[in-house]
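Asks: What follows is a single structure, and I will ask about it in a moment.
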Amino acid sequence: MIKRHALIMSLLITFLIGANTLLFSFISSQRENLIIKRVIDGDTLVFNNNKTARLLNINTPEKKSPLSQKSFNFLKDYENKSVEVEFKSRDKYGRDLVKIYTPKYLNLEIVQQGYANKFLVSEEELEIFKKAEENAINNSKGIWNVSSYFNCFFASVFPEEELIELENNCKNINLKDWILKDESRKEYKFENVSINNKLSIKTKRGNNTKEKVFMNFGENMLNNDRDSIYLFDEKGNIAFYYYYGY
């Protein structure tokens, strides 16, 4: 009898925990009607309740980039308009991380239109954001302009070693002023280095050779679980992109 009561109590506790989890999930995903009061940049804004928010799942060019104006202008079109906001969490700067609906899912729309790359996408939305970005890149939408070198490269990424093995299938290419970046804002501008067949790129510190380049970052660049790398030519056109962990 005691074992039976213990089993019933255990099942009841499990049910209550599950119910509370579902209730919390339901409450946390509720949408709130707000007005976009001011746009700060392509992925950050202020609502009429004076809360500063950053859009989840995306990353737009930094203000110093000439491409940032395209993302800024796109989001600014929604200034002084009412939207539905889903608050998810907060970042280290105290900004609310949000999803916005217009009623379109604005976070996804920005990627679809080519004004942002995907960034730290939640597990359940990986595929739709990946496909949206691929389509935008392949069709030269928004900030993406396809380079004449677009079909020249292949890469192997070893995140735990902070190593990228970049292969060139075309003739020798000088990478001077080319930029390699990840999904976040970490990027590296190449100096006068050429790639004939293969170039090893380490994010750590070291001395460059003809076959190996060191970014000399003080921190890791590559996420161990999943990330993306983007290679831009000297004109800012996308020459190569590669996903791992997706």
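How things are named: the first chain in the structure tokens is A, the next is B, and so on; residues count from 1 in each chain; ligands count from 1 in the order shown.
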Excluding A:Asp233 and any residue of its chain fewer than 4 positions from it, enumerate the residues within 8 Å of it, using only C-alpha atoms, and give them as a ChimeraX atom specification.
Replies: /A:147,175,177-179,237-239
Asks: Could you give me, as an NGL selection string, the residues within 7 Å of stretch 76-93 of chain A, counting only C-alpha atoms and dropping anything in the same chain fewer than 3 positions from it?
Replies: :A and (28-39 or 72-73 or 96-102)
Asks: Taking the DSSP assignment computed from this structure's backbone, write out as JSON, numbers by chain all residues of stretch 154-194 of chain A that belong to strand (DSSP E).
Replies: {"A": [154, 155, 156, 157, 158, 163, 164, 165, 166, 167, 168, 173, 174, 179, 180, 181, 187, 188, 189, 194]}
Asks: Which value, in Å to one decimal, gives the distance between atom CA of A:Lys118 and atom CA of A:Asp182?
Replies: 10.3 Å
Asks: From the DSSP assignment of the backbone, select every residue of stretch 113-245 of chain A that is helix (DSSP H, G or I), and format the answer as a list in words.
Replies: Glu123, Glu124, Glu125, Leu126, Glu127, Ile128, Phe129, Lys130, Lys131, Ala132, Glu133, Glu134, Asn135, Ala136, Ile137, Asn138, Pro159, Glu160 and Glu161 of chain A
Asks: In Å to one decimal, how far is atom CA of A:Asn50 from atom CA of A:Gln69?
Replies: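 Distance between the two atoms: 23.3 Å.
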